[in-house]
$ cat target06.cif   # mmCIF, C-alpha atoms (C1' of nucleotides)
data_model
loop_
_atom_site.label_atom_id
_atom_site.label_comp_id
_atom_site.auth_asym_id
_atom_site.auth_seq_id
_atom_site.Cartn_x
_atom_site.Cartn_y
_atom_site.Cartn_z
CA MET M 1 79.71 66.51 86.15
CA SER M 2 80.85 70.10 86.44
CA ARG M 3 81.51 70.09 82.70
CA SER M 4 77.84 70.28 81.89
CA CYS M 5 77.36 72.93 84.54
CA ILE M 6 80.11 75.07 83.04
CA ALA M 7 78.64 74.63 79.59
CA ALA M 8 75.15 75.54 80.80
CA LEU M 9 76.46 78.66 82.49
CA CYS M 10 78.41 79.78 79.42
CA THR M 11 75.45 79.18 77.14
CA TRP M 12 73.26 81.25 79.43
CA PHE M 13 75.85 84.02 79.46
CA GLU M 14 76.18 84.17 75.69
CA ARG M 15 72.43 84.59 75.49
CA GLU M 16 71.64 86.84 78.44
CA GLN M 17 74.69 89.00 79.12
CA ARG M 18 74.21 92.69 79.75
CA ASP M 19 75.21 95.13 77.07
CA LEU M 20 78.20 96.84 78.68
CA PRO M 21 80.39 99.35 76.83
CA TRP M 22 83.66 97.54 77.56
CA ARG M 23 82.17 94.39 76.03
CA ARG M 24 81.72 96.15 72.70
CA GLN M 25 85.35 97.04 72.23
CA ARG M 26 87.71 94.63 73.89
CA SER M 27 91.31 95.63 74.36
CA GLY M 28 93.86 95.52 77.10
CA TYR M 29 93.40 99.24 77.61
CA THR M 30 89.61 99.29 77.76
CA ALA M 31 89.69 96.29 80.07
CA LEU M 32 92.21 97.97 82.34
CA VAL M 33 90.07 101.10 82.62
CA ALA M 34 86.85 99.15 83.12
CA GLU M 35 88.35 96.91 85.78
CA ALA M 36 89.89 99.79 87.68
CA MET M 37 86.58 101.64 87.73
CA SER M 38 84.64 98.55 88.70
CA GLN M 39 86.63 97.61 91.78
CA GLN M 40 84.22 97.59 94.74
CA THR M 41 81.72 99.47 92.60
CA GLN M 42 78.47 98.26 91.10
CA VAL M 43 78.73 98.02 87.34
CA VAL M 44 75.63 100.11 86.67
CA ARG M 45 77.36 103.03 88.35
CA VAL M 46 80.46 102.70 86.19
CA ILE M 47 78.96 102.75 82.70
CA LYS M 48 78.56 106.49 82.13
CA GLN M 49 81.84 107.40 83.69
CA TYR M 50 83.65 104.71 81.74
CA GLU M 51 82.29 106.14 78.50
CA ALA M 52 83.32 109.66 79.42
CA PHE M 53 86.76 108.43 80.41
CA ILE M 54 87.34 106.57 77.15
CA ALA M 55 86.00 109.45 75.09
CA GLN M 56 88.45 111.80 76.76
CA LEU M 57 91.40 109.40 76.96
CA PRO M 58 90.86 106.88 74.16
CA ASP M 59 94.12 105.00 74.39
CA VAL M 60 96.96 104.24 76.76
CA TYR M 61 99.15 106.98 75.29
CA ALA M 62 96.50 109.61 75.91
CA LEU M 63 96.14 108.47 79.50
CA ALA M 64 99.87 108.28 80.10
CA ALA M 65 100.32 111.81 78.76
CA ALA M 66 97.39 113.33 80.64
CA ASP M 67 97.74 115.56 83.69
CA GLU M 68 96.89 113.86 86.95
CA GLU M 69 94.21 116.46 87.54
CA ALA M 70 92.55 115.61 84.24
CA VAL M 71 92.51 111.93 85.18
CA LEU M 72 91.13 112.54 88.66
CA ARG M 73 88.42 114.81 87.35
CA LEU M 74 87.14 111.92 85.23
CA TRP M 75 86.85 109.95 88.48
CA ASN M 76 84.72 112.59 90.22
CA GLY M 77 82.09 111.00 92.45
CA LEU M 78 83.24 107.42 91.89
CA GLY M 79 85.15 107.11 95.15
CA TYR M 80 88.33 105.21 95.97
CA TYR M 81 90.33 107.86 94.16
CA ARG M 82 93.60 106.03 94.56
CA ARG M 83 92.35 103.79 91.77
CA ALA M 84 92.59 106.72 89.37
CA ARG M 85 96.16 107.49 90.35
CA ASN M 86 97.10 103.83 90.09
CA LEU M 87 95.50 103.57 86.67
CA HIS M 88 97.39 106.65 85.55
CA ALA M 89 100.67 105.18 86.83
CA ALA M 90 99.87 101.85 85.19
CA ALA M 91 99.38 103.54 81.81
CA LYS M 92 102.73 105.26 82.14
CA ARG M 93 104.39 101.97 82.88
CA VAL M 94 102.67 100.28 79.95
CA VAL M 95 104.09 102.95 77.66
CA GLN M 96 107.54 102.76 79.25
CA ASP M 97 107.95 99.03 79.73
CA TYR M 98 105.54 97.43 77.27
CA HIS M 99 105.70 99.68 74.18
CA GLY M 100 102.15 100.86 74.80
CA GLU M 101 100.59 97.39 74.75
CA VAL M 102 98.87 96.36 77.95
CA PRO M 103 100.36 92.96 78.80
CA LEU M 104 97.87 90.10 78.79
CA GLU M 105 99.75 87.63 80.97
CA ALA M 106 98.60 87.63 84.57
CA GLU M 107 102.12 87.74 85.91
CA HIS M 108 102.94 90.93 84.04
CA LEU M 109 99.59 92.52 84.76
CA ARG M 110 100.10 91.84 88.43
CA GLY M 111 103.13 94.12 88.35
CA LEU M 112 101.06 97.15 87.35
CA PRO M 113 99.92 99.52 90.11
CA GLY M 114 96.35 98.90 91.19
CA VAL M 115 96.26 95.46 89.59
CA GLY M 116 95.77 92.67 92.11
CA PRO M 117 94.99 88.97 91.69
CA TYR M 118 91.41 89.55 90.58
CA THR M 119 92.12 92.27 88.00
CA ALA M 120 95.14 90.44 86.58
CA GLY M 121 93.17 87.21 86.20
CA SER M 122 90.23 89.03 84.70
CA ILE M 123 92.16 90.81 81.94
CA ALA M 124 94.38 87.79 81.25
CA SER M 125 91.40 85.48 80.84
CA ILE M 126 88.77 87.71 79.26
CA VAL M 127 91.04 89.62 76.88
CA GLY M 128 94.01 87.26 76.67
CA GLY M 129 92.14 83.97 76.78
CA ALA M 130 94.44 82.70 79.52
CA ARG M 131 93.30 79.93 81.81
CA GLU M 132 93.41 82.11 84.92
CA PRO M 133 90.86 81.92 87.73
CA ILE M 134 89.19 85.00 89.19
CA VAL M 135 87.29 85.58 92.41
CA ASP M 136 85.45 88.82 92.94
CA ALA M 137 82.57 89.39 95.36
CA ASN M 138 80.11 87.86 92.87
CA VAL M 139 82.16 84.75 92.20
CA LEU M 140 82.77 84.27 95.91
CA ARG M 141 79.05 84.23 96.60
CA VAL M 142 78.21 81.97 93.64
CA LEU M 143 80.86 79.41 94.53
CA GLN M 144 79.94 79.42 98.21
CA ARG M 145 76.38 78.61 97.25
CA TRP M 146 77.40 75.96 94.73
CA ASP M 147 79.29 74.14 97.46
CA ALA M 148 76.99 75.15 100.33
CA ASP M 149 80.04 76.73 101.93
CA SER M 150 78.71 78.78 104.84
CA GLY M 151 82.03 80.44 105.72
CA GLU M 152 82.27 84.15 106.39
CA VAL M 153 82.97 86.09 103.20
CA SER M 154 85.73 88.03 104.92
CA ASP M 155 87.45 84.89 106.20
CA LYS M 156 90.69 84.19 104.39
CA GLN M 157 90.04 80.47 104.42
CA THR M 158 86.72 80.98 102.69
CA ILE M 159 88.38 83.14 100.07
CA ASP M 160 91.18 80.61 99.55
CA ARG M 161 88.67 77.79 99.12
CA CYS M 162 86.86 79.78 96.45
CA TRP M 163 90.08 80.58 94.59
CA SER M 164 90.94 76.88 94.53
CA ARG M 165 87.48 76.06 93.28
CA ALA M 166 87.61 78.79 90.63
CA LYS M 167 90.92 77.38 89.44
CA GLU M 168 89.55 73.84 89.17
CA LEU M 169 86.60 75.05 87.18
CA VAL M 170 88.43 77.37 84.81
CA LEU M 171 90.76 74.51 83.91
CA GLN M 172 87.76 72.63 82.59
CA ALA M 173 86.11 75.48 80.74
CA LYS M 174 86.18 75.58 76.98
CA GLN M 175 86.62 79.35 77.01
CA PRO M 176 88.15 80.54 80.27
CA GLY M 177 87.26 84.18 79.74
CA VAL M 178 83.65 83.46 78.92
CA PHE M 179 83.35 81.19 81.94
CA ASN M 180 84.89 83.74 84.30
CA GLU M 181 82.68 86.52 83.05
CA ALA M 182 79.65 84.27 83.18
CA LEU M 183 80.30 83.48 86.84
CA MET M 184 80.43 87.18 87.67
CA GLU M 185 77.36 87.93 85.58
CA LEU M 186 75.41 85.21 87.34
CA GLY M 187 76.34 86.67 90.69
CA ALA M 188 75.43 90.18 89.63
CA THR M 189 72.06 89.39 88.07
CA ILE M 190 70.71 86.04 89.33
CA CYS M 191 72.70 84.79 92.31
CA THR M 192 72.29 88.09 94.16
CA PRO M 193 73.16 88.65 97.83
CA ARG M 194 69.55 88.63 98.95
CA SER M 195 66.66 86.79 97.38
CA PRO M 196 68.62 84.94 94.70
CA LYS M 197 66.49 84.15 91.67
CA CYS M 198 66.94 80.39 91.74
CA LYS M 199 63.82 79.88 89.65
CA VAL M 200 65.50 81.39 86.63
CA CYS M 201 69.04 80.26 87.41
CA PRO M 202 70.56 78.22 84.58
CA VAL M 203 72.64 76.15 86.98
CA ALA M 204 70.32 75.78 89.96
CA ARG M 205 70.32 72.01 89.63
CA TYR M 206 74.06 71.96 90.28
CA CYS M 207 73.80 74.15 93.37
CA GLN M 208 74.16 72.55 96.80
CA ALA M 209 72.76 75.55 98.67
CA HIS M 210 69.66 75.46 96.49
CA LYS M 211 69.31 71.73 96.93
CA GLN M 212 69.39 72.21 100.69
CA GLY M 213 67.14 75.27 100.57
CA ARG M 214 69.86 77.34 102.21
CA GLN M 215 70.47 79.87 99.45
CA ASN M 216 69.24 82.66 101.71
CA GLU M 217 71.61 81.73 104.52
CA ILE M 218 74.74 81.45 102.39
CA PRO M 219 76.85 83.41 102.64
CA PRO M 220 76.09 84.58 106.19
CA VAL M 221 75.22 88.26 106.57
CA ARG M 222 78.09 90.44 107.64
CA LYS M 223 77.82 92.26 110.92
CA ALA M 224 77.80 96.00 110.40
CA SER M 225 80.44 98.00 112.20
CA GLN M 226 79.42 101.25 113.83
CA THR M 227 80.68 104.47 112.34
CA PRO M 228 81.70 107.38 114.57
CA THR M 229 80.42 110.82 113.69
CA GLU M 230 82.70 113.70 112.79
CA TYR M 231 82.08 117.28 111.74
CA HIS M 232 83.48 118.97 108.66
CA HIS M 233 82.99 122.73 108.67
CA ALA M 234 83.41 124.19 105.20
CA VAL M 235 83.16 127.76 103.95
CA VAL M 236 82.32 128.65 100.38
CA LEU M 237 84.18 131.87 99.57
CA HIS M 238 83.31 133.68 96.37
CA ARG M 239 84.66 136.57 94.43
CA ARG M 240 84.04 137.69 90.87
CA GLY M 241 82.50 134.45 89.66
CA ALA M 242 85.07 132.24 91.35
CA VAL M 243 85.31 130.19 94.51
CA TYR M 244 88.33 129.55 96.69
CA VAL M 245 89.52 125.94 96.90
CA ASP M 246 92.46 124.21 98.47
CA GLN M 247 93.90 120.74 98.14
CA ARG M 248 93.42 118.04 100.75
CA ASP M 249 96.24 116.04 102.31
CA ALA M 250 98.01 113.56 100.09
CA SER M 251 96.87 110.71 102.32
CA GLY M 252 93.64 109.78 104.04
CA LEU M 253 90.08 110.40 102.98
CA TRP M 254 89.67 112.13 99.59
CA ALA M 255 93.44 112.38 99.37
CA GLY M 256 94.69 115.15 97.13
CA LEU M 257 91.24 116.24 96.01
CA TRP M 258 90.07 119.85 96.16
CA GLN M 259 87.60 121.45 98.56
CA PRO M 260 86.42 124.74 99.99
CA PRO M 261 88.46 125.57 103.11
CA THR M 262 87.44 123.02 105.73
CA ILE M 263 88.05 122.37 109.41
CA GLU M 264 87.50 118.80 110.54
CA ALA M 265 86.67 118.17 114.18
CA PRO M 266 85.15 115.40 116.29
CA ARG M 267 82.49 117.84 117.49
CA LYS M 268 80.46 120.70 116.18
CA LEU M 269 82.37 123.99 116.32
CA ARG M 270 80.87 127.39 117.00
CA PRO M 271 81.13 129.77 114.02
CA SER M 272 83.74 131.93 115.72
CA SER M 273 85.81 128.93 116.71
CA PHE M 274 85.62 127.58 113.20
CA CYS M 275 86.72 130.87 111.62
CA ASN M 276 89.61 131.23 114.05
CA ARG M 277 91.06 127.94 112.93
CA LEU M 278 91.02 128.85 109.25
CA PRO M 279 94.23 130.16 107.71
CA MET M 280 92.50 133.21 106.20
CA ARG M 281 90.33 135.93 107.65
CA ILE M 282 86.63 135.49 106.96
CA GLU M 283 84.14 138.36 106.85
CA ARG M 284 80.41 137.86 107.41
CA PRO M 285 80.50 134.10 107.93
CA GLN M 286 77.02 132.58 107.74
CA LEU M 287 76.00 129.03 108.47
CA ARG M 288 73.78 128.13 105.55
CA SER M 289 73.06 124.46 105.75
CA GLU M 290 74.00 121.14 107.26
CA PHE M 291 73.87 117.67 105.77
CA GLU M 292 74.99 114.18 106.60
CA PHE M 293 77.37 112.26 104.40
CA LYS M 294 78.10 108.59 104.89
CA THR M 295 80.97 106.49 103.72
CA SER M 296 81.44 102.86 104.63
CA SER M 297 83.42 103.74 107.74
CA ARG M 298 82.44 107.31 108.60
CA ARG M 299 79.46 109.46 109.29
CA VAL M 300 80.34 113.03 108.46
CA ILE M 301 78.19 116.03 109.25
CA PHE M 302 78.99 118.83 106.83
CA ARG M 303 78.26 122.34 108.05
CA VAL M 304 78.29 124.67 105.07
CA TYR M 305 79.13 128.33 105.52
CA THR M 306 79.42 131.19 103.11
CA GLY M 307 81.68 134.16 103.61
CA VAL M 308 83.96 136.75 102.08
CA THR M 309 87.73 137.04 102.21
CA ARG M 310 90.26 139.52 100.94
CA ILE M 311 93.07 137.12 100.19
CA ARG M 312 94.03 136.84 96.55
CA SER M 313 96.65 134.14 96.69
CA GLY M 314 95.65 130.52 96.49
CA ARG M 315 93.40 128.93 93.93
CA TRP M 316 90.31 130.78 92.80
CA GLN M 317 88.36 128.48 90.54
CA GLN M 318 85.86 129.94 88.10
CA ILE M 319 82.41 128.63 88.95
CA ASP M 320 81.63 127.67 85.37
CA ALA M 321 84.83 125.61 85.31
CA LEU M 322 84.26 123.67 88.52
CA ASP M 323 83.85 120.49 86.49
CA ALA M 324 87.54 120.68 85.68
CA LEU M 325 88.38 120.20 89.35
CA PRO M 326 88.89 116.83 91.05
CA LEU M 327 86.05 116.81 93.58
CA SER M 328 84.47 114.20 95.78
CA SER M 329 80.76 113.74 95.77
CA ALA M 330 80.54 115.33 99.21
CA HIS M 331 82.39 118.47 98.15
CA GLN M 332 80.33 118.79 95.00
CA LYS M 333 77.36 118.97 97.30
CA VAL M 334 79.05 121.50 99.60
CA LEU M 335 79.76 123.74 96.62
CA GLN M 336 76.29 123.35 95.23
CA ILE M 337 74.75 124.45 98.54
CA GLY M 338 77.14 127.35 98.98
CA LEU M 339 76.70 128.67 95.47
CA GLN M 340 72.95 128.36 95.63
CA GLU M 341 72.89 130.42 98.82
CA ILE M 342 75.05 133.06 97.20
CA GLY M 343 72.74 133.18 94.23
CA MET M 344 75.23 131.81 91.78
CA VAL M 345 72.78 129.21 90.56
CA ARG M 346 74.48 126.08 89.49
CA ARG M 347 72.48 123.34 87.86
"C1'" DA T 1 95.82 89.87 109.93
"C1'" DA T 2 93.36 94.34 110.11
"C1'" DT T 3 92.42 98.62 108.41
"C1'" DT T 4 91.73 102.05 105.00
"C1'" DC T 5 89.60 103.92 101.12
"C1'" DG T 6 83.48 106.18 98.51
"C1'" DG T 7 79.41 106.51 97.41
"C1'" DG T 8 75.17 105.02 95.72
"C1'" DG T 9 72.20 100.90 94.10
"C1'" DA T 10 68.83 97.90 95.79
"C1'" DC T 11 65.94 96.34 99.06
"C1'" DG Y 1 67.15 102.47 107.63
"C1'" DT Y 2 70.68 98.15 106.04
"C1'" DC Y 3 73.90 95.48 103.20
"C1'" DC Y 4 76.80 95.37 99.58
"C1'" DC Y 5 79.58 96.23 95.38
"C1'" DA Y 6 83.74 93.14 88.56
"C1'" DG Y 7 89.60 94.82 95.35
"C1'" DA Y 8 94.12 96.63 96.29
"C1'" DA Y 9 97.44 98.80 99.13
"C1'" DT Y 10 99.00 99.97 103.50
"C1'" DT Y 11 99.78 99.38 108.33
#
$ encode --input "target06.cif" --output "structure tokens"
Amino acid sequence: MSRSCIAALCTWFEREQRDLPWRRQRSGYTALVAEAMSQQTQVVRVIKQYEAFIAQLPDVYALAAADEEAVLRLWNGLGYYRRARNLHAAAKRVVQDYHGEVPLEAEHLRGLPGVGPYTAGSIASIVGGAREPIVDANVLRVLQRWDADSGEVSDKQTIDRCWSRAKELVLQAKQPGVFNEALMELGATICTPRSPKCKVCPVARYCQAHKQGRQNEIPPVRKASQTPTEYHHAVVLHRRGAVYVDQRDASGLWAGLWQPPTIEAPRKLRPSSFCNRLPMRIERPQLRSEFEFKTSSRRVIFRVYTGVTRIRSGRWQQIDALDALPLSSAHQKVLQIGLQEIGMVRR
DNA sequence: AATTCGGGGAC
DNA sequence: GTCCCAGAATT
């Protein structure tokens, strides 16, 4: 009975699938890059950055040989920057241990940094044709609805049930990779978190949630956690067409990325207090602007200053070469505000 | 078993 | 405004 459902889903996928760049050229390497970028990130946001990444680093040797800074820069704005470092390390290991060929067996893939059960199963099945199950956020939702499983999405038992189900199903599929990708595609385009489009779903007649009219209740909505507010005071220092930047801690938020000198505090600091905490002397500090930046677990108020300093040591980055710097989305905005105030128009 | 890690799409 | 996303690693 699930055979016909699997077939219907795969037929729909072959007909309706989105045109994604990593579907045009399949290889272990392109899949590895695409999967790393796509973790916890909506696919539409990945496309442009994936293309830039592949254009710059077209094969695993290019990536393995690249500077970490060059790799991180290609991740600018994407978030979860550890993924970039893991991908870089994975490429080095592929060159070292696998003669430059990304392994296509799940067990080997699983040994690469940044490759967990989902990513290993995805590459092994879609590129390698292996009969490996996968469960990402899309598949989880689709399978919960198929079985009218109203468990919490974060509950380990719910996740385990879906992995078991995915395994059962992929064992019956004619083409495991096509089936896996079709499940994800259905979740991304039809079986969406809210207001699923059951009217145009190719497998609605196999869906228990739909049969019971409970597709809007499954899975249950997650309860939002509250995010404490913190204040990041940053000063954009300029001299001779360059700005001063320093590197963030190797762990924590935006680990190892670059930024204008910043003091983080639980509360708003007065300008004098802020300047006193900085390692360099600031002349004519001016508060220019303030904006809110939200991540999933933090609410950060950025207070952007401009100022002048005499120090020469440290890293002075030319303004027209700021794109070469690994920068978070928040710090790109800080720099944009600071430079605009200074009159160094940027974009 | 919980927490951490980003940032914007979509509603 | 809210919820969520082609998850994995760390604590």
$ interface_residues --input "target06.cif" --of "chain M" --to "chain Y" --cutoff "10 Å" --atoms "all atoms listed in the file" --output "JSON, numbers by chain"
{"M": [34, 35, 36, 37, 38, 39, 40, 41, 42, 43, 82, 83, 86, 113, 114, 115, 116, 117, 118, 119, 122, 134, 135, 136, 137, 138, 139, 181, 184, 185, 188, 193, 194, 221, 222, 223, 224]}
$ interface_residues --input "target06.cif" --of "chain T" --to "chain M" --cutoff "7 Å" --atoms "all atoms listed in the file" --output "count of residues only"
3
$ residues_around --input "target06.cif" --residues "M:Ile123" --least-positions-apart "2" --cutoff "12 Å" --atoms "only C-alpha atoms (C1' of nucleotides)" --output "ChimeraX atom specification"
/M:22,26-36,102-110,115-121,125-134,176-178,180-181 /Y:6
$ atom_distance --input "target06.cif" --atom1 "atom CA of M:Tyr50" --atom2 "atom CA of M:Asn76"
11.6 Å
$ residues_near_point --input "target06.cif" --point "(84.2, 127.5, 100.5)" --cutoff "9 Å" --atoms "only C-alpha atoms (C1' of nucleotides)" --output "list in words"
Ala234, Val235, Val236, Leu237, His238, Val243, Tyr244, Val245, Gln259, Pro260, Pro261, Thr262, Val304, Tyr305, Thr306, Gly307, Val334, Leu335 and Gly338 of chain M
$ residues_around --input "target06.cif" --residues "M:Glu264" --least-positions-apart "6" --cutoff "8 Å" --atoms "only C-alpha atoms (C1' of nucleotides)" --output "PyMOL selection string"
chain M and resi 230-233
$ resolve_selection --input "target06.cif" --expression "the PyMOL selection byres ((chain M and resi 3) around 10)" --output "MDAnalysis selection string"
chainID M and resid 1:2 4:9 169 172:174
$ write_last_selection --input "target06.cif" --atoms "C-alpha atoms" --output "PDB file, keeping the file's coordinate frame"
ATOM      1  CA  MET M   1      79.710  66.510  86.150  1.00  0.00           C
ATOM      2  CA  SER M   2      80.850  70.100  86.440  1.00  0.00           C
ATOM      3  CA  SER M   4      77.840  70.280  81.890  1.00  0.00           C
ATOM      4  CA  CYS M   5      77.360  72.930  84.540  1.00  0.00           C
ATOM      5  CA  ILE M   6      80.110  75.070  83.040  1.00  0.00           C
ATOM      6  CA  ALA M   7      78.640  74.630  79.590  1.00  0.00           C
ATOM      7  CA  ALA M   8      75.150  75.540  80.800  1.00  0.00           C
ATOM      8  CA  LEU M   9      76.460  78.660  82.490  1.00  0.00           C
ATOM      9  CA  LEU M 169      86.600  75.050  87.180  1.00  0.00           C
ATOM     10  CA  GLN M 172      87.760  72.630  82.590  1.00  0.00           C
ATOM     11  CA  ALA M 173      86.110  75.480  80.740  1.00  0.00           C
ATOM     12  CA  LYS M 174      86.180  75.580  76.980  1.00  0.00           C
TER      13      LYS M 174
END
$ atom_distance --input "target06.cif" --atom1 "atom CA of M:Leu183" --atom2 "atom CA of M:Leu140"
9.4 Å
$ residues_around --input "target06.cif" --residues "M:Arg310" --least-positions-apart "3" --cutoff "9 Å" --atoms "only C-alpha atoms (C1' of nucleotides)" --output "list in words"
Met280, Arg281, Ile282 and Glu283 of chain M
$ residues_near_point --input "target06.cif" --point "(80.7, 130.9, 83.5)" --cutoff "10 Å" --atoms "only C-alpha atoms (C1' of nucleotides)" --output "PyMOL selection string"
chain M and resi 241-242+318-322+344+346
$ residues_around --input "target06.cif" --residues "M:Arg145" --least-positions-apart "4" --cutoff "12 Å" --atoms "all atoms listed in the file" --output "PyMOL selection string"
chain M and resi 138-141+149-151+153+158+162+186-187+191-193+196+198+203-220
$ atom_distance --input "target06.cif" --atom1 "atom CA of M:Asp323" --atom2 "atom CA of M:Arg73"
7.3 Å
$ closest_residue --input "target06.cif" --among "M:Ala250, M:Val46, M:Leu257, M:Leu72" --to "T:DG8" --atoms "only C-alpha atoms (C1' of nucleotides)"
M:Val46
